[in-house]
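Source file: input-v9.txt (compact mmCIF, N, CA and C atoms)
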# COMPACT_ATOMS: atom_id res chain seq x y z
N MET A 1 4.83 61.41 -22.09
CA MET A 1 3.91 60.95 -23.08
C MET A 1 4.68 60.30 -24.22
N ILE A 2 4.00 59.43 -24.93
CA ILE A 2 4.58 58.75 -26.08
C ILE A 2 3.67 59.02 -27.27
N SER A 3 4.24 59.45 -28.37
CA SER A 3 3.47 59.80 -29.56
C SER A 3 4.14 59.23 -30.80
N GLN A 4 3.39 59.12 -31.87
CA GLN A 4 3.97 58.72 -33.15
C GLN A 4 4.50 59.95 -33.87
N SER A 5 5.35 59.73 -34.87
CA SER A 5 5.89 60.84 -35.65
C SER A 5 4.76 61.67 -36.26
N GLY A 6 4.83 62.97 -36.07
CA GLY A 6 3.82 63.86 -36.61
C GLY A 6 2.52 63.88 -35.82
N GLY A 7 2.48 63.15 -34.72
CA GLY A 7 1.26 63.08 -33.91
C GLY A 7 1.13 64.25 -32.95
N HIS A 8 0.10 64.18 -32.15
CA HIS A 8 -0.25 65.25 -31.23
C HIS A 8 0.86 65.55 -30.22
N GLY A 9 1.65 64.55 -29.86
CA GLY A 9 2.73 64.76 -28.90
C GLY A 9 4.10 64.94 -29.52
N ASP A 10 4.16 65.10 -30.83
CA ASP A 10 5.44 65.30 -31.52
C ASP A 10 5.74 66.79 -31.56
N PHE A 11 6.61 67.23 -30.65
CA PHE A 11 6.92 68.65 -30.53
C PHE A 11 8.22 69.03 -31.22
N ARG A 12 8.74 68.15 -32.08
CA ARG A 12 9.98 68.46 -32.77
C ARG A 12 9.79 69.66 -33.69
N LEU A 13 10.80 70.49 -33.74
CA LEU A 13 10.78 71.66 -34.61
C LEU A 13 11.25 71.27 -36.01
N PRO A 14 10.88 72.04 -37.03
CA PRO A 14 11.35 71.72 -38.38
C PRO A 14 12.88 71.66 -38.47
N THR A 15 13.57 72.41 -37.63
CA THR A 15 15.04 72.39 -37.65
C THR A 15 15.60 71.09 -37.05
N GLU A 16 14.77 70.32 -36.35
CA GLU A 16 15.21 69.06 -35.75
C GLU A 16 14.93 67.86 -36.66
N LEU A 17 14.39 68.10 -37.83
CA LEU A 17 14.04 67.02 -38.76
C LEU A 17 14.83 67.14 -40.05
N PRO A 18 15.25 66.09 -40.68
CA PRO A 18 15.22 64.73 -40.15
C PRO A 18 16.28 64.56 -39.06
N ALA A 19 15.96 63.75 -38.09
CA ALA A 19 16.86 63.55 -36.96
C ALA A 19 17.85 62.44 -37.28
N PRO A 20 19.13 62.66 -36.99
CA PRO A 20 20.10 61.58 -37.19
C PRO A 20 19.81 60.43 -36.22
N PRO A 21 20.14 59.20 -36.60
CA PRO A 21 19.91 58.06 -35.71
C PRO A 21 20.58 58.26 -34.36
N GLY A 22 19.86 57.95 -33.30
CA GLY A 22 20.41 58.06 -31.96
C GLY A 22 20.36 59.45 -31.35
N SER A 23 19.82 60.43 -32.08
CA SER A 23 19.74 61.78 -31.51
C SER A 23 18.41 61.95 -30.78
N PHE A 24 18.37 62.91 -29.88
CA PHE A 24 17.17 63.17 -29.09
C PHE A 24 16.79 64.63 -29.21
N HIS A 25 15.51 64.90 -29.43
CA HIS A 25 15.06 66.29 -29.49
C HIS A 25 14.84 66.80 -28.08
N PHE A 26 14.60 68.09 -27.95
CA PHE A 26 14.51 68.74 -26.64
C PHE A 26 13.50 68.07 -25.73
N SER A 27 12.30 67.75 -26.23
CA SER A 27 11.27 67.13 -25.39
C SER A 27 11.72 65.78 -24.86
N GLU A 28 12.48 65.04 -25.64
CA GLU A 28 13.01 63.76 -25.16
C GLU A 28 14.12 63.96 -24.14
N ARG A 29 14.97 64.95 -24.35
CA ARG A 29 16.08 65.19 -23.42
C ARG A 29 15.59 65.59 -22.04
N ILE A 30 14.48 66.30 -21.96
CA ILE A 30 13.97 66.70 -20.64
C ILE A 30 12.96 65.68 -20.09
N GLY A 31 12.69 64.61 -20.85
CA GLY A 31 11.81 63.55 -20.37
C GLY A 31 10.33 63.85 -20.53
N ALA A 32 9.97 64.83 -21.35
CA ALA A 32 8.56 65.21 -21.50
C ALA A 32 7.83 64.36 -22.53
N ALA A 33 8.51 63.93 -23.58
CA ALA A 33 7.84 63.19 -24.65
C ALA A 33 8.82 62.25 -25.33
N ALA A 34 8.27 61.22 -25.94
CA ALA A 34 9.07 60.29 -26.73
C ALA A 34 8.31 60.01 -28.02
N ILE A 35 9.06 59.78 -29.09
CA ILE A 35 8.47 59.43 -30.37
C ILE A 35 8.68 57.94 -30.58
N ALA A 36 7.60 57.21 -30.86
CA ALA A 36 7.68 55.77 -31.08
C ALA A 36 6.74 55.42 -32.23
N ASP A 37 7.30 54.91 -33.30
CA ASP A 37 6.50 54.56 -34.48
C ASP A 37 6.24 53.06 -34.62
N MET A 38 6.80 52.26 -33.75
CA MET A 38 6.61 50.81 -33.79
C MET A 38 6.37 50.31 -32.37
N PRO A 39 5.82 49.10 -32.23
CA PRO A 39 5.51 48.59 -30.87
C PRO A 39 6.72 48.48 -29.94
N THR A 40 7.87 48.04 -30.44
CA THR A 40 9.03 47.86 -29.56
C THR A 40 9.52 49.17 -28.95
N PRO A 41 9.71 50.25 -29.75
CA PRO A 41 10.10 51.53 -29.12
C PRO A 41 9.04 52.07 -28.16
N CYS A 42 7.79 51.78 -28.44
CA CYS A 42 6.72 52.23 -27.55
C CYS A 42 6.84 51.52 -26.20
N ALA A 43 7.07 50.22 -26.23
CA ALA A 43 7.21 49.45 -24.99
C ALA A 43 8.46 49.86 -24.22
N SER A 44 9.58 50.09 -24.93
CA SER A 44 10.79 50.49 -24.22
C SER A 44 10.67 51.92 -23.69
N GLY A 45 9.96 52.79 -24.41
CA GLY A 45 9.71 54.15 -23.91
C GLY A 45 8.88 54.12 -22.65
N ARG A 46 7.88 53.25 -22.64
CA ARG A 46 7.03 53.10 -21.45
C ARG A 46 7.85 52.58 -20.28
N ALA A 47 8.65 51.56 -20.52
CA ALA A 47 9.44 50.96 -19.45
C ALA A 47 10.45 51.95 -18.87
N SER A 48 11.09 52.73 -19.73
CA SER A 48 12.08 53.67 -19.22
C SER A 48 11.43 54.78 -18.41
N ARG A 49 10.27 55.26 -18.83
CA ARG A 49 9.58 56.30 -18.07
C ARG A 49 9.11 55.78 -16.71
N LEU A 50 8.64 54.53 -16.67
CA LEU A 50 8.24 53.95 -15.39
C LEU A 50 9.46 53.77 -14.48
N ALA A 51 10.59 53.36 -15.06
CA ALA A 51 11.82 53.20 -14.27
C ALA A 51 12.31 54.53 -13.71
N LEU A 52 12.01 55.63 -14.43
CA LEU A 52 12.41 56.95 -13.96
C LEU A 52 11.43 57.54 -12.95
N GLY A 53 10.38 56.80 -12.64
CA GLY A 53 9.46 57.24 -11.60
C GLY A 53 8.11 57.74 -12.07
N ALA A 54 7.79 57.60 -13.36
CA ALA A 54 6.49 58.07 -13.84
C ALA A 54 5.37 57.27 -13.18
N SER A 55 4.31 57.94 -12.83
CA SER A 55 3.15 57.25 -12.27
C SER A 55 2.07 57.07 -13.33
N GLN A 56 2.21 57.75 -14.46
CA GLN A 56 1.24 57.67 -15.55
C GLN A 56 1.98 57.74 -16.88
N ILE A 57 1.43 57.08 -17.88
CA ILE A 57 1.98 57.15 -19.23
C ILE A 57 0.84 57.56 -20.15
N LYS A 58 1.00 58.63 -20.88
CA LYS A 58 -0.01 59.07 -21.82
C LYS A 58 0.43 58.68 -23.22
N LEU A 59 -0.39 57.90 -23.92
CA LEU A 59 -0.13 57.53 -25.30
C LEU A 59 -0.95 58.43 -26.19
N MET A 60 -0.29 59.14 -27.06
CA MET A 60 -0.98 60.06 -27.97
C MET A 60 -0.94 59.43 -29.36
N ALA A 61 -2.01 58.79 -29.74
CA ALA A 61 -2.02 57.99 -30.97
C ALA A 61 -2.71 58.66 -32.14
N GLY A 62 -2.99 59.92 -32.04
CA GLY A 62 -3.64 60.60 -33.15
C GLY A 62 -3.29 62.06 -33.17
N GLY A 63 -3.85 62.76 -34.12
CA GLY A 63 -3.66 64.21 -34.21
C GLY A 63 -2.44 64.58 -35.01
N GLY A 64 -2.12 65.86 -35.00
CA GLY A 64 -0.96 66.36 -35.70
C GLY A 64 -1.25 66.86 -37.10
N SER A 65 -2.45 66.65 -37.59
CA SER A 65 -2.74 67.01 -38.98
C SER A 65 -2.83 68.52 -39.20
N GLY A 66 -2.96 69.30 -38.15
CA GLY A 66 -3.06 70.74 -38.29
C GLY A 66 -1.72 71.46 -38.23
N ARG A 67 -0.63 70.72 -38.05
CA ARG A 67 0.68 71.35 -37.95
C ARG A 67 1.16 71.83 -39.30
N ALA A 68 1.83 72.94 -39.29
CA ALA A 68 2.35 73.51 -40.55
C ALA A 68 3.43 72.62 -41.16
N THR A 69 4.09 71.79 -40.36
CA THR A 69 5.16 70.95 -40.88
C THR A 69 4.65 69.63 -41.46
N ILE A 70 3.37 69.35 -41.33
CA ILE A 70 2.78 68.12 -41.86
C ILE A 70 2.15 68.42 -43.21
N ARG A 71 2.56 67.68 -44.22
CA ARG A 71 1.97 67.85 -45.53
C ARG A 71 0.97 66.74 -45.81
N SER A 72 -0.16 67.11 -46.26
CA SER A 72 -1.17 66.12 -46.61
C SER A 72 -0.97 65.73 -48.07
N THR A 73 -1.05 64.44 -48.34
CA THR A 73 -0.85 63.97 -49.73
C THR A 73 -2.14 63.57 -50.37

What's the structure tokens form of this structure?
Amino acid sequence: MISQSGGHGDFRLPTELPAPPGSFHFSERIGAAAIADMPTPCASGRASRLALGASQIKLMAGGGSGRATIRST
């Protein structure tokens, strides 16, 4: 699945934030989820998952507002 930062598919732990550039959280390392906040990373995330044999891509474009790590302003 591909999600935006803080979205429904963002499973990063508070200890994994902020992430240094080029680092991958556990869900990304095992191929379960990717975080993409702009169109280009979303497209490349989709392409890499299809190249690895995915038959489906789930885009999670909402949610996350109930997480304890998300602050509402």

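Atom N of Leu52 in chain A to CA of Pro14 in chain A spans 28.9 Å [interatomic distance, one decimal].
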
Helix (DSSP H, G or I) call set, DSSP backbone run, chain A, as a PDB file with N, CA and C atoms, keeping the file's coordinate frame:
ATOM      1  N   PRO A  14      10.880  72.040 -37.030  1.00  0.00           N
ATOM      2  CA  PRO A  14      11.350  71.720 -38.380  1.00  0.00           C
ATOM      3  C   PRO A  14      12.880  71.660 -38.470  1.00  0.00           C
ATOM      4  N   THR A  15      13.570  72.410 -37.630  1.00  0.00           N
ATOM      5  CA  THR A  15      15.040  72.390 -37.650  1.00  0.00           C
ATOM      6  C   THR A  15      15.600  71.090 -37.050  1.00  0.00           C
ATOM      7  N   GLU A  16      14.770  70.320 -36.350  1.00  0.00           N
ATOM      8  CA  GLU A  16      15.210  69.060 -35.750  1.00  0.00           C
ATOM      9  C   GLU A  16      14.930  67.860 -36.660  1.00  0.00           C
ATOM     10  N   PHE A  26      14.600  68.090 -27.950  1.00  0.00           N
ATOM     11  CA  PHE A  26      14.510  68.740 -26.640  1.00  0.00           C
ATOM     12  C   PHE A  26      13.500  68.070 -25.730  1.00  0.00           C
ATOM     13  N   SER A  27      12.300  67.750 -26.230  1.00  0.00           N
ATOM     14  CA  SER A  27      11.270  67.130 -25.390  1.00  0.00           C
ATOM     15  C   SER A  27      11.720  65.780 -24.860  1.00  0.00           C
ATOM     16  N   GLU A  28      12.480  65.040 -25.640  1.00  0.00           N
ATOM     17  CA  GLU A  28      13.010  63.760 -25.160  1.00  0.00           C
ATOM     18  C   GLU A  28      14.120  63.960 -24.140  1.00  0.00           C
ATOM     19  N   ARG A  29      14.970  64.950 -24.350  1.00  0.00           N
ATOM     20  CA  ARG A  29      16.080  65.190 -23.420  1.00  0.00           C
ATOM     21  C   ARG A  29      15.590  65.590 -22.040  1.00  0.00           C
ATOM     22  N   PRO A  39       5.820  49.100 -32.230  1.00  0.00           N
ATOM     23  CA  PRO A  39       5.510  48.590 -30.870  1.00  0.00           C
ATOM     24  C   PRO A  39       6.720  48.480 -29.940  1.00  0.00           C
ATOM     25  N   THR A  40       7.870  48.040 -30.440  1.00  0.00           N
ATOM     26  CA  THR A  40       9.030  47.860 -29.560  1.00  0.00           C
ATOM     27  C   THR A  40       9.520  49.170 -28.950  1.00  0.00           C
ATOM     28  N   PRO A  41       9.710  50.250 -29.750  1.00  0.00           N
ATOM     29  CA  PRO A  41      10.100  51.530 -29.120  1.00  0.00           C
ATOM     30  C   PRO A  41       9.040  52.070 -28.160  1.00  0.00           C
ATOM     31  N   CYS A  42       7.790  51.780 -28.440  1.00  0.00           N
ATOM     32  CA  CYS A  42       6.720  52.230 -27.550  1.00  0.00           C
ATOM     33  C   CYS A  42       6.840  51.520 -26.200  1.00  0.00           C
ATOM     34  N   ALA A  43       7.070  50.220 -26.230  1.00  0.00           N
ATOM     35  CA  ALA A  43       7.210  49.450 -24.990  1.00  0.00           C
ATOM     36  C   ALA A  43       8.460  49.860 -24.220  1.00  0.00           C
ATOM     37  N   SER A  44       9.580  50.090 -24.930  1.00  0.00           N
ATOM     38  CA  SER A  44      10.790  50.490 -24.220  1.00  0.00           C
ATOM     39  C   SER A  44      10.670  51.920 -23.690  1.00  0.00           C
ATOM     40  N   GLY A  45       9.960  52.790 -24.410  1.00  0.00           N
ATOM     41  CA  GLY A  45       9.710  54.150 -23.910  1.00  0.00           C
ATOM     42  C   GLY A  45       8.880  54.120 -22.650  1.00  0.00           C
ATOM     43  N   ARG A  46       7.880  53.250 -22.640  1.00  0.00           N
ATOM     44  CA  ARG A  46       7.030  53.100 -21.450  1.00  0.00           C
ATOM     45  C   ARG A  46       7.850  52.580 -20.280  1.00  0.00           C
ATOM     46  N   ALA A  47       8.650  51.560 -20.520  1.00  0.00           N
ATOM     47  CA  ALA A  47       9.440  50.960 -19.450  1.00  0.00           C
ATOM     48  C   ALA A  47      10.450  51.950 -18.870  1.00  0.00           C
ATOM     49  N   SER A  48      11.090  52.730 -19.730  1.00  0.00           N
ATOM     50  CA  SER A  48      12.080  53.670 -19.220  1.00  0.00           C
ATOM     51  C   SER A  48      11.430  54.780 -18.410  1.00  0.00           C
ATOM     52  N   ARG A  49      10.270  55.260 -18.830  1.00  0.00           N
ATOM     53  CA  ARG A  49       9.580  56.300 -18.070  1.00  0.00           C
ATOM     54  C   ARG A  49       9.110  55.780 -16.710  1.00  0.00           C
ATOM     55  N   LEU A  50       8.640  54.530 -16.670  1.00  0.00           N
ATOM     56  CA  LEU A  50       8.240  53.950 -15.390  1.00  0.00           C
ATOM     57  C   LEU A  50       9.460  53.770 -14.480  1.00  0.00           C
ATOM     58  N   ALA A  51      10.590  53.360 -15.060  1.00  0.00           N
ATOM     59  CA  ALA A  51      11.820  53.200 -14.270  1.00  0.00           C
ATOM     60  C   ALA A  51      12.310  54.530 -13.710  1.00  0.00           C
TER      61      ALA A  51
END

Item to check | Length of the CA of Leu59 in chain A to atom C of Met1 in chain A vector [Å] | outcome: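 Here the two named atoms are 5.7 Å from each other.
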
Next on the checklist: Based on the backbone DSSP call, show me all residues of chain A assigned strand (DSSP E or B), as a VMD selection string.
Outcome noted: chain A and resid 2 to 3 34 to 35 59 to 60

Next on the checklist: For range 22-31 of chain A, find every residue with an atom within 10 Å (counting only C-alpha atoms), except residues of its own chain fewer than 2 positions away, and show them as an MDAnalysis selection string.
Outcome noted: chainID A and resid 1:2 9:13 16:17 19:20 33:35 48:49 52

Please put the answer as AutoDock Vina command-line options: centre and edge lengths, in Å with one decimal, of a box along x, y and z that encloses all listed atoms of range 39-43 of chain A plus 3 Å on each side.
--center_x 7.8 --center_y 50.0 --center_z -28.2 --size_x 10.6 --size_y 10.4 --size_z 14.0

Item to check | CA of Lys58 in chain A to atom N of Ser44 in chain A, straight-line distance in Å | outcome: 13.5 Å

Item to check | Which of A:Ala61, A:Ala32, A:Pro39, A:Pro18 sits closest to Ser3 in chain A [using only C-alpha atoms] | outcome: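 Of A:Ala61, A:Ala32, A:Pro39, A:Pro18, the one nearest Ser3 in chain A is A:Ala61, counting only C-alpha atoms.
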
Item to check | Best match for closeness to Gly62 in chain A among A:Thr15, A:Pro21, A:Ala36, A:His8, counting all atoms listed in the file | outcome: A:His8
